[in-house]
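Novice: Below is the file data18.tsv, with TSV, C-alpha atoms.
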chain	number	residue	atom	x	y	z
A	156	MET	CA	7.49	-23.89	10.62
A	157	SER	CA	8.51	-21.48	7.89
A	158	THR	CA	5.87	-19.12	6.55
A	159	ALA	CA	7.99	-18.16	3.54
A	160	ARG	CA	6.21	-18.03	0.21
A	161	GLU	CA	6.88	-17.36	-3.45
A	162	VAL	CA	4.80	-14.50	-4.87
A	163	PHE	CA	5.45	-12.40	-7.99
A	164	GLY	CA	8.41	-14.67	-8.71
A	165	THR	CA	10.10	-13.55	-5.48
A	166	ARG	CA	10.68	-15.28	-2.14
A	167	PHE	CA	9.11	-13.50	0.81
A	168	ALA	CA	10.51	-14.72	4.15
A	169	ASN	CA	7.00	-14.33	5.56
A	170	PRO	CA	3.73	-12.94	4.18
A	171	VAL	CA	3.62	-9.81	6.38
A	172	LEU	CA	4.51	-6.52	4.69
A	173	MET	CA	4.46	-2.98	6.02
A	174	ALA	CA	1.80	-0.93	4.24
A	175	ALA	CA	2.40	2.25	2.25
A	176	GLY	CA	2.66	5.38	4.35
A	177	THR	CA	3.50	3.57	7.58
A	178	CYS	CA	7.28	3.22	7.39
A	179	GLY	CA	8.47	5.94	5.01
A	180	PHE	CA	11.09	4.35	2.78
A	181	GLY	CA	12.22	1.96	5.49
A	182	GLU	CA	14.01	4.37	7.81
A	183	PRO	CA	11.66	3.81	10.80
A	184	LEU	CA	11.87	0.07	10.23
A	185	VAL	CA	15.60	-0.21	10.81
A	186	ASP	CA	15.29	1.94	13.93
A	187	VAL	CA	13.09	-0.60	15.72
A	188	MET	CA	13.70	-4.04	14.21
A	189	SER	CA	15.71	-6.04	11.72
A	190	PRO	CA	14.31	-5.76	8.18
A	191	GLY	CA	14.32	-9.56	8.08
A	192	GLU	CA	11.53	-9.68	10.67
A	193	VAL	CA	9.00	-8.65	8.02
A	194	GLY	CA	8.35	-10.09	4.59
A	195	GLY	CA	8.70	-6.78	2.79
A	196	LEU	CA	7.46	-3.22	2.69
A	197	VAL	CA	5.59	-0.75	0.53
A	198	THR	CA	7.10	2.73	0.40
A	199	LYS	CA	5.33	6.01	0.90
A	200	SER	CA	3.49	7.00	-2.24
A	201	VAL	CA	5.78	8.75	-4.71
A	202	THR	CA	4.48	11.63	-6.82
A	203	LEU	CA	6.21	13.44	-9.65
A	204	ALA	CA	6.84	16.64	-7.68
A	205	PRO	CA	7.55	16.87	-3.95
A	206	ARG	CA	4.52	17.31	-1.72
A	207	HIS	CA	4.42	18.87	1.72
A	208	GLY	CA	1.10	17.25	2.59
A	209	ASN	CA	-2.12	18.56	4.10
A	210	ALA	CA	-2.57	21.12	6.83
A	211	PRO	CA	-2.31	19.82	10.41
A	212	PRO	CA	-3.67	18.16	12.36
A	213	ARG	CA	-3.26	15.16	10.07
A	214	VAL	CA	-4.24	12.32	12.40
A	215	ALA	CA	-7.12	11.83	14.84
A	216	GLU	CA	-7.87	8.75	16.91
A	217	TYR	CA	-11.27	7.31	17.70
A	218	PRO	CA	-12.29	4.09	19.52
A	219	GLY	CA	-12.27	1.97	16.36
A	220	GLY	CA	-8.99	3.19	14.92
A	221	MET	CA	-7.56	6.28	13.28
A	222	LEU	CA	-8.58	8.93	10.77
A	223	ASN	CA	-5.76	10.46	8.74
A	224	SER	CA	-5.24	12.94	5.97
A	225	VAL	CA	-1.48	13.21	5.49
A	226	GLY	CA	-1.80	14.36	1.91
A	227	LEU	CA	0.80	12.07	0.33
A	228	ALA	CA	3.74	14.06	1.68
A	229	ASN	CA	6.87	12.77	-0.09
A	230	PRO	CA	10.13	14.04	-1.62
A	231	GLY	CA	8.98	13.55	-5.21
A	232	LEU	CA	10.48	11.45	-7.99
A	233	LYS	CA	13.88	13.14	-8.06
A	234	GLY	CA	14.26	13.03	-4.28
A	235	VAL	CA	13.39	9.35	-4.23
A	236	ARG	CA	15.87	8.55	-6.98
A	237	ASP	CA	18.67	10.67	-5.54
A	238	ARG	CA	18.29	9.87	-1.84
A	239	LYS	CA	15.71	7.25	-0.92
A	240	LEU	CA	16.52	4.43	-3.34
A	241	PRO	CA	20.28	4.56	-2.60
A	242	TRP	CA	19.53	4.47	1.15
A	243	MET	CA	17.20	1.50	0.66
A	244	ARG	CA	19.87	-0.39	-1.31
A	245	ARG	CA	22.42	0.21	1.45
A	246	HIS	CA	20.23	-0.61	4.45
A	247	LEU	CA	17.45	-3.00	3.42
A	248	GLY	CA	19.46	-5.61	1.52
A	249	ASP	CA	17.31	-8.01	-0.46
A	250	LEU	CA	14.06	-7.21	1.37
A	251	PRO	CA	11.24	-7.23	-1.24
A	252	ILE	CA	10.07	-3.65	-1.73
A	253	LEU	CA	7.13	-2.28	-3.67
A	254	VAL	CA	7.20	1.41	-4.55
A	255	SER	CA	3.80	3.04	-4.10
A	256	VAL	CA	3.04	5.40	-6.98
A	257	ALA	CA	0.46	8.20	-6.90
A	258	GLY	CA	-0.59	10.98	-9.19
A	259	ALA	CA	-3.27	13.54	-9.85
A	260	THR	CA	-3.16	12.79	-13.59
A	261	VAL	CA	-2.52	9.82	-15.84
A	262	ASP	CA	0.64	11.53	-17.09
A	263	GLU	CA	2.00	11.68	-13.55
A	264	TYR	CA	1.65	7.94	-12.98
A	265	GLU	CA	3.43	7.21	-16.24
A	266	ALA	CA	6.20	9.71	-15.49
A	267	VAL	CA	6.91	8.32	-12.02
A	268	VAL	CA	7.08	4.70	-13.17
A	269	GLY	CA	9.13	5.64	-16.22
A	270	GLY	CA	11.45	7.72	-14.06
A	271	LEU	CA	12.10	4.91	-11.58
A	272	GLU	CA	12.34	2.01	-14.00
A	273	GLU	CA	16.08	2.16	-14.64
A	274	ASP	CA	16.89	2.07	-10.93
A	275	GLU	CA	17.54	-1.03	-8.87
A	276	GLY	CA	16.69	-2.07	-5.33
A	277	PHE	CA	12.96	-2.69	-5.53
A	278	LEU	CA	10.68	-5.44	-6.74
A	279	GLY	CA	7.78	-3.60	-8.36
A	280	TYR	CA	5.07	-0.99	-8.05
A	281	GLU	CA	1.82	-0.59	-6.16
A	282	LEU	CA	-0.34	1.91	-8.03
A	283	ASN	CA	-2.29	3.93	-5.48
A	284	LEU	CA	-5.47	4.44	-7.49
A	285	SER	CA	-7.75	4.62	-4.46
A	286	CYS	CA	-6.54	7.64	-2.50
A	287	PRO	CA	-8.86	10.69	-2.39
A	288	ASN	CA	-5.78	12.94	-2.08
A	289	ASP	CA	-5.03	12.02	-5.68
A	290	ALA	CA	-8.43	12.03	-7.28
A	291	HIS	CA	-9.60	13.19	-10.65
A	292	LEU	CA	-13.17	14.20	-11.49
A	293	HIS	CA	-13.66	16.35	-8.37
A	294	GLY	CA	-12.84	13.75	-5.76
A	295	THR	CA	-13.41	10.39	-7.41
A	296	PRO	CA	-10.42	8.05	-7.02
A	297	PHE	CA	-9.14	6.59	-10.28
A	298	CYS	CA	-10.18	3.05	-9.36
A	299	LEU	CA	-13.82	4.11	-9.05
A	300	ASP	CA	-13.87	5.25	-12.68
A	301	ALA	CA	-13.33	2.35	-15.07
A	302	ASP	CA	-12.15	4.47	-17.98
A	303	ALA	CA	-9.68	6.39	-15.82
A	304	MET	CA	-8.21	3.24	-14.29
A	305	ARG	CA	-7.93	1.62	-17.70
A	306	GLU	CA	-6.09	4.67	-19.06
A	307	VAL	CA	-3.57	4.63	-16.19
A	308	LEU	CA	-2.80	0.96	-16.75
A	309	ASP	CA	-2.67	1.34	-20.53
A	310	ARG	CA	0.00	4.02	-20.06
A	311	VAL	CA	1.97	2.46	-17.21
A	312	ARG	CA	2.01	-1.20	-18.17
A	313	PRO	CA	4.27	-0.76	-21.23
A	314	ARG	CA	6.79	1.17	-19.11
A	315	THR	CA	7.77	-1.75	-16.89
A	316	GLU	CA	8.14	-5.51	-16.75
A	317	ARG	CA	8.22	-5.45	-12.96
A	318	PRO	CA	5.20	-6.67	-10.97
A	319	LEU	CA	2.45	-4.07	-11.06
A	320	LEU	CA	-0.19	-4.06	-8.31
A	321	VAL	CA	-3.32	-1.93	-8.15
A	322	LYS	CA	-4.59	-0.76	-4.76
A	323	LEU	CA	-8.38	-0.62	-4.63
A	324	ALA	CA	-10.89	1.27	-2.48
A	325	PRO	CA	-13.28	-0.20	0.12
A	326	ASN	CA	-16.20	1.96	-1.01
A	327	ASP	CA	-16.41	0.19	-4.39
A	328	PRO	CA	-19.87	-1.31	-5.01
A	329	ASP	CA	-18.35	-4.10	-7.14
A	330	ILE	CA	-14.72	-4.47	-6.15
A	331	GLY	CA	-14.49	-7.89	-7.77
A	332	ALA	CA	-15.37	-6.46	-11.18
A	333	THR	CA	-12.93	-3.59	-10.66
A	334	ALA	CA	-10.16	-6.05	-9.80
A	335	ALA	CA	-10.97	-8.15	-12.87
A	336	LEU	CA	-10.77	-5.06	-15.09
A	337	ALA	CA	-7.40	-4.10	-13.56
A	338	VAL	CA	-6.03	-7.57	-14.29
A	339	ALA	CA	-7.40	-7.49	-17.83
A	340	CYS	CA	-5.51	-4.22	-18.31
A	341	GLY	CA	-2.22	-5.69	-17.13
A	342	ALA	CA	-2.15	-5.70	-13.33
A	343	ASP	CA	-0.12	-8.56	-11.83
A	344	GLY	CA	-1.75	-8.30	-8.42
A	345	ILE	CA	-4.42	-6.51	-6.40
A	346	THR	CA	-4.08	-4.81	-3.02
A	347	ALA	CA	-7.33	-4.62	-1.09
A	348	ILE	CA	-8.04	-2.24	0.54
A	349	ASN	CA	-7.21	1.41	1.10
A	350	THR	CA	-8.77	3.54	3.84
A	351	LEU	CA	-12.50	4.27	4.03
A	352	PRO	CA	-13.57	7.93	3.69
A	353	GLY	CA	-14.63	9.43	7.00
A	354	LEU	CA	-15.03	12.53	9.14
A	355	LEU	CA	-14.49	13.31	12.82
A	356	SER	CA	-15.57	16.57	14.45
A	357	ASP	CA	-15.36	18.15	17.88
A	358	ALA	CA	-18.29	19.11	20.10
A	359	GLY	CA	-18.79	22.31	18.10
A	360	GLY	CA	-18.87	20.52	14.76
A	361	LYS	CA	-15.38	21.59	13.68
A	362	PRO	CA	-13.48	18.83	11.80
A	363	ARG	CA	-10.66	17.34	13.86
A	364	LEU	CA	-8.40	17.13	10.79
A	365	GLY	CA	-6.92	20.15	9.08
A	366	ALA	CA	-8.10	18.87	5.70
A	367	GLY	CA	-11.60	18.12	6.98
A	368	ARG	CA	-12.27	14.58	5.85
A	369	GLY	CA	-9.77	11.76	5.99
A	370	GLY	CA	-9.23	8.02	5.59
A	371	MET	CA	-10.46	5.62	8.25
A	372	SER	CA	-8.13	2.78	9.21
A	373	GLY	CA	-7.44	0.46	12.11
A	374	PRO	CA	-9.40	-2.42	13.70
A	375	ALA	CA	-12.79	-1.17	12.52
A	376	LEU	CA	-11.68	-1.67	8.91
A	377	LEU	CA	-11.01	-5.40	9.33
A	378	PRO	CA	-14.45	-6.71	8.23
A	379	ALA	CA	-14.45	-4.46	5.15
A	380	GLY	CA	-10.98	-5.62	4.20
A	381	LEU	CA	-11.82	-9.28	4.62
A	382	ALA	CA	-14.99	-8.97	2.55
A	383	ALA	CA	-13.10	-7.18	-0.20
A	384	VAL	CA	-10.28	-9.75	-0.30
A	385	ARG	CA	-12.75	-12.61	-0.55
A	386	GLN	CA	-14.59	-10.91	-3.42
A	387	VAL	CA	-11.38	-10.06	-5.25
A	388	ALA	CA	-9.87	-13.53	-4.78
A	389	GLU	CA	-12.99	-15.07	-6.30
A	390	ALA	CA	-12.83	-12.70	-9.28
A	391	VAL	CA	-9.15	-12.87	-10.31
A	392	ASP	CA	-6.38	-15.44	-10.63
A	393	VAL	CA	-3.49	-13.18	-9.59
A	394	PRO	CA	-2.08	-12.69	-6.07
A	395	VAL	CA	-4.20	-10.61	-3.71
A	396	VAL	CA	-2.60	-8.57	-0.94
A	397	GLY	CA	-4.90	-8.00	2.03
A	398	VAL	CA	-4.75	-4.91	4.21
A	399	GLY	CA	-7.04	-3.33	6.76
A	400	GLY	CA	-7.22	-3.67	10.54
A	401	ILE	CA	-4.47	-6.27	11.02
A	402	LEU	CA	-3.07	-6.13	14.54
A	403	THR	CA	-2.36	-9.79	15.33
A	404	GLY	CA	-1.28	-13.03	13.71
A	405	ALA	CA	-4.87	-14.21	14.00
A	406	ASP	CA	-6.02	-11.19	11.96
A	407	ALA	CA	-3.41	-11.94	9.30
A	408	ALA	CA	-4.46	-15.59	9.20
A	409	THR	CA	-8.08	-14.64	8.48
A	410	TYR	CA	-6.92	-12.65	5.46
A	411	LEU	CA	-4.85	-15.56	4.17
A	412	GLU	CA	-7.81	-17.88	4.67
A	413	ALA	CA	-9.99	-15.42	2.73
A	414	GLY	CA	-7.69	-15.72	-0.28
A	415	ALA	CA	-4.83	-13.29	0.28
A	416	SER	CA	-1.31	-14.36	-0.70
A	417	LEU	CA	0.31	-11.59	1.35
A	418	VAL	CA	-0.91	-9.10	3.94
A	419	GLN	CA	0.08	-5.59	4.95
A	420	VAL	CA	0.13	-4.02	8.41
A	421	GLY	CA	-0.74	-0.34	8.41
A	422	THR	CA	-2.22	1.52	11.38
A	423	GLY	CA	-0.93	-1.09	13.82
A	424	SER	CA	2.58	0.24	13.19
A	425	PHE	CA	1.59	3.68	14.52
A	426	ALA	CA	0.40	2.19	17.79
A	427	ASP	CA	3.36	-0.20	17.98
A	428	PRO	CA	6.28	0.30	15.56
A	429	ARG	CA	7.18	-3.39	15.97
A	430	CYS	CA	3.65	-4.55	15.15
A	431	ALA	CA	4.43	-6.07	11.74
A	432	GLY	CA	7.28	-8.16	13.12
A	433	ARG	CA	5.09	-9.35	16.01
A	434	VAL	CA	2.28	-10.27	13.59
A	435	ALA	CA	4.76	-12.30	11.52
A	436	ARG	CA	5.99	-14.19	14.60
A	437	GLN	CA	2.46	-14.90	15.79
A	438	LEU	CA	1.54	-16.15	12.34
A	439	ALA	CA	4.52	-18.51	12.36
A	440	VAL	CA	3.44	-19.91	15.72
A	441	ARG	CA	-0.09	-20.49	14.40
A	442	SER	CA	1.32	-22.27	11.35
A	443	TRP	CA	3.49	-24.48	13.57
A	444	SER	CA	0.57	-25.28	15.88
A	445	SER	CA	-1.69	-26.22	13.00
Can you present the structure in this file as structure tokens?
Specialist:
Amino acid sequence: MSTAREVFGTRFANPVLMAAGTCGFGEPLVDVMSPGEVGGLVTKSVTLAPRHGNAPPRVAEYPGGMLNSVGLANPGLKGVRDRKLPWMRRHLGDLPILVSVAGATVDEYEAVVGGLEEDEGFLGYELNLSCPNDAHLHGTPFCLDADAMREVLDRVRPRTERPLLVKLAPNDPDIGATAALAVACGADGITAINTLPGLLSDAGGKPRLGAGRGGMSGPALLPAGLAAVRQVAEAVDVPVVGVGGILTGADAATYLEAGASLVQVGTGSFADPRCAGRVARQLAVRSWSS
């Protein structure tokens, strides 16, 4: 049975996407599987200027998943336009692609979207407003400040007619209200959720990551992601994209049952680069069996 679906006016061959930061701009994907095995992908977050990322080590494992602080390393707007988008057009065909956009200021979000808008080869944007690496107000992500999030959307929305998603944070005391505000300000969809802030240290108390704190992801994030998707789906009437702790088709199915239209596989792809394709196949088997 086909699991294809129509979302954002586009046909997705299946509802399983690769999450931002897990597959670059698609290069690792084509090394391990056919792009057609997944429903789509979200690129690494693009900032106005190139970023080299945080000091190593950037990743640390723990029994429930992974803590990371990569620091939004990316080639910047010009590098993406000159090299990454042309490569994507040549190698990914008509695979639906969302470009993740990040920035330390409102101006940066507007500049990145405005700078990409005339290019082809991607469906829309996922505004990363929930990453502590790109926080205003001394560490507060944009989505946890209503005025800041509203200002980003007020500036970005007029720059594009493409689908515009907002990625929200798990540590939001009222994520449903935040999602509703994002939609009222022009968002076409909501991605829930990003990583949860965390810290790992060695026996002497020294942080295991070069940047100190990081974002928690992996299986332990699944309940938080499901709760957030359910709250968001009850609060808005736009598509919700669920992400957090998905390793199997059964995990993906629970997100869809909670109200998600699409899902994203993140940390699972680090443990198994073919994880997203496997999740999509397992989901298709479940759909056939039911």
Novice: Quick one: residues within 9 Å of (5.4, 5.6, -21.0) (file frame), counting only C-alpha atoms, please, as a list in words.
Specialist: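 Returned residue set, sorted by chain then number, is Asp262, Glu265, Ala266, Val268, Gly269, Arg310, Val311, Arg312, Pro313, Arg314 and Thr315 of chain A.
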Novice: Could you check which of A:Thr333, A:Thr202, A:Gln419, A:Ser372 is closest to Thr260 in chain A, using only C-alpha atoms?
Specialist: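 The closest residue to Thr260 in chain A is A:Thr202.
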Novice: Give the answer as one residue: which of A:Gly399, A:Gly367, A:Pro378, A:Gly432 has the shortest atom-to-atom distance to Ile348 in chain A, using all atoms listed in the file?
Specialist: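 Counting all atoms listed in the file, the residue closest to Ile348 in chain A is A:Gly399.
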Novice: Please determine, counting only C-alpha atoms, which residue among A:Leu196, A:Leu284, A:Ala175, A:Val440 has the shortest atom-to-atom distance to Pro296 in chain A.
Specialist: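 Looking only at the distances to Pro296 in chain A, the closest residue turns out to be A:Leu284.
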Novice: If we count all atoms listed in the file, what is near Leu376 in chain A at a cut-off of 9 Å, once residues fewer than 6 positions away on the same chain are taken out, given as a PDB file with C-alpha atoms, in the frame of the given file?
Specialist:
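The resulting file, part26.pdb, is reproduced below:
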ATOM      1  CA  GLY A 219     -12.270   1.970  16.360  1.00  0.00           C
ATOM      2  CA  GLY A 220      -8.990   3.190  14.920  1.00  0.00           C
ATOM      3  CA  THR A 350      -8.770   3.540   3.840  1.00  0.00           C
ATOM      4  CA  LEU A 351     -12.500   4.270   4.030  1.00  0.00           C
ATOM      5  CA  VAL A 398      -4.750  -4.910   4.210  1.00  0.00           C
ATOM      6  CA  GLY A 399      -7.040  -3.330   6.760  1.00  0.00           C
ATOM      7  CA  GLY A 400      -7.220  -3.670  10.540  1.00  0.00           C
ATOM      8  CA  ILE A 401      -4.470  -6.270  11.020  1.00  0.00           C
TER       9      ILE A 401
END
Novice: For the atom pair CA of Ala379 in chain A and CA of Ala335 in chain A, what is the interatomic distance in Å to one decimal place?
Specialist: 18.7 Å
Novice: Check the smallest atom-to-atom distance from each of A:Ser157, A:Gly231, A:Gly279, A:His246 to Val267 in chain A using only C-alpha atoms, then report the winner.
Specialist: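 Result for the nearest residue to Val267 in chain A: A:Gly231.
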Novice: Which polymer residues have any atom within 9 Å of an atom of Gly195 in chain A, counting all atoms listed in the file, with same-chain residues fewer than 3 positions away left out, as a PDB file with C-alpha atoms, keeping the file's coordinate frame?
Specialist:
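The resulting file, result-v3.pdb, is shown below:
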ATOM      1  CA  PHE A 167       9.110 -13.500   0.810  1.00  0.00           C
ATOM      2  CA  ALA A 168      10.510 -14.720   4.150  1.00  0.00           C
ATOM      3  CA  ASN A 169       7.000 -14.330   5.560  1.00  0.00           C
ATOM      4  CA  PRO A 170       3.730 -12.940   4.180  1.00  0.00           C
ATOM      5  CA  VAL A 171       3.620  -9.810   6.380  1.00  0.00           C
ATOM      6  CA  LEU A 172       4.510  -6.520   4.690  1.00  0.00           C
ATOM      7  CA  MET A 173       4.460  -2.980   6.020  1.00  0.00           C
ATOM      8  CA  PRO A 190      14.310  -5.760   8.180  1.00  0.00           C
ATOM      9  CA  GLY A 191      14.320  -9.560   8.080  1.00  0.00           C
ATOM     10  CA  GLU A 192      11.530  -9.680  10.670  1.00  0.00           C
ATOM     11  CA  LEU A 250      14.060  -7.210   1.370  1.00  0.00           C
ATOM     12  CA  PRO A 251      11.240  -7.230  -1.240  1.00  0.00           C
ATOM     13  CA  ILE A 252      10.070  -3.650  -1.730  1.00  0.00           C
ATOM     14  CA  LEU A 253       7.130  -2.280  -3.670  1.00  0.00           C
ATOM     15  CA  GLN A 419       0.080  -5.590   4.950  1.00  0.00           C
TER      16      GLN A 419
END
Novice: So how far away is CA of Ala228 in chain A from CA of Val396 in chain A, in Å?
Specialist: 23.6 Å
Novice: Pick the closest to Asp406 in chain A from A:Val387, A:Leu355, A:Ala431, A:Leu282: which is it, counting all atoms listed in the file?
Specialist: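 For Asp406 in chain A, the nearest of the given residues is A:Ala431.
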Novice: What does the distance from CA of Val254 in chain A to CA of Cys298 in chain A come to in Å, to one decimal?
Specialist: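 For CA of Val254 in chain A relative to CA of Cys298 in chain A, the distance reads 18.1 Å.
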Novice: Write out as a ChimeraX atom specification the residues lying within 9 Å of Gly276 in chain A, counting only C-alpha atoms and excluding same-chain residues fewer than 5 positions away.
Specialist: /A:240-241,243-244,247-252
Novice: Using only C-alpha atoms, which of the listed residues (A:Val162, A:Ala215, A:Ala334, A:Cys430) sits closest to Leu364 in chain A?
Specialist: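 For Leu364 in chain A, the nearest of the candidates is A:Ala215.
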Novice: Give me the residues near Asp427 in chain A as number ranges by chain, where near means some atom within 12 Å (using all atoms listed in the file) and where sequence neighbours in that chain fewer than 4 positions away do not count.
Specialist: A: 177-178, 183-184, 187-188, 402-403, 420-423, 431-434
Novice: Please identify all polymer residues lying at most 10 Å from the point (-10.7, 7.0, 2.9) (file coordinates), using all atoms listed in the file, and present the result as number ranges by chain.
Specialist: A: 222-224, 285-288, 296, 324-326, 348-354, 368-372
Novice: Just to be explicit: take each residue in the selection above, keep C-alpha atoms, and write the result as a PDB file, in the frame of the given file.
Specialist:
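Output file selection_33.pdb follows:
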ATOM      1  CA  LEU A 222      -8.580   8.930  10.770  1.00  0.00           C
ATOM      2  CA  ASN A 223      -5.760  10.460   8.740  1.00  0.00           C
ATOM      3  CA  SER A 224      -5.240  12.940   5.970  1.00  0.00           C
ATOM      4  CA  SER A 285      -7.750   4.620  -4.460  1.00  0.00           C
ATOM      5  CA  CYS A 286      -6.540   7.640  -2.500  1.00  0.00           C
ATOM      6  CA  PRO A 287      -8.860  10.690  -2.390  1.00  0.00           C
ATOM      7  CA  ASN A 288      -5.780  12.940  -2.080  1.00  0.00           C
ATOM      8  CA  PRO A 296     -10.420   8.050  -7.020  1.00  0.00           C
ATOM      9  CA  ALA A 324     -10.890   1.270  -2.480  1.00  0.00           C
ATOM     10  CA  PRO A 325     -13.280  -0.200   0.120  1.00  0.00           C
ATOM     11  CA  ASN A 326     -16.200   1.960  -1.010  1.00  0.00           C
ATOM     12  CA  ILE A 348      -8.040  -2.240   0.540  1.00  0.00           C
ATOM     13  CA  ASN A 349      -7.210   1.410   1.100  1.00  0.00           C
ATOM     14  CA  THR A 350      -8.770   3.540   3.840  1.00  0.00           C
ATOM     15  CA  LEU A 351     -12.500   4.270   4.030  1.00  0.00           C
ATOM     16  CA  PRO A 352     -13.570   7.930   3.690  1.00  0.00           C
ATOM     17  CA  GLY A 353     -14.630   9.430   7.000  1.00  0.00           C
ATOM     18  CA  LEU A 354     -15.030  12.530   9.140  1.00  0.00           C
ATOM     19  CA  ARG A 368     -12.270  14.580   5.850  1.00  0.00           C
ATOM     20  CA  GLY A 369      -9.770  11.760   5.990  1.00  0.00           C
ATOM     21  CA  GLY A 370      -9.230   8.020   5.590  1.00  0.00           C
ATOM     22  CA  MET A 371     -10.460   5.620   8.250  1.00  0.00           C
ATOM     23  CA  SER A 372      -8.130   2.780   9.210  1.00  0.00           C
TER      24      SER A 372
END
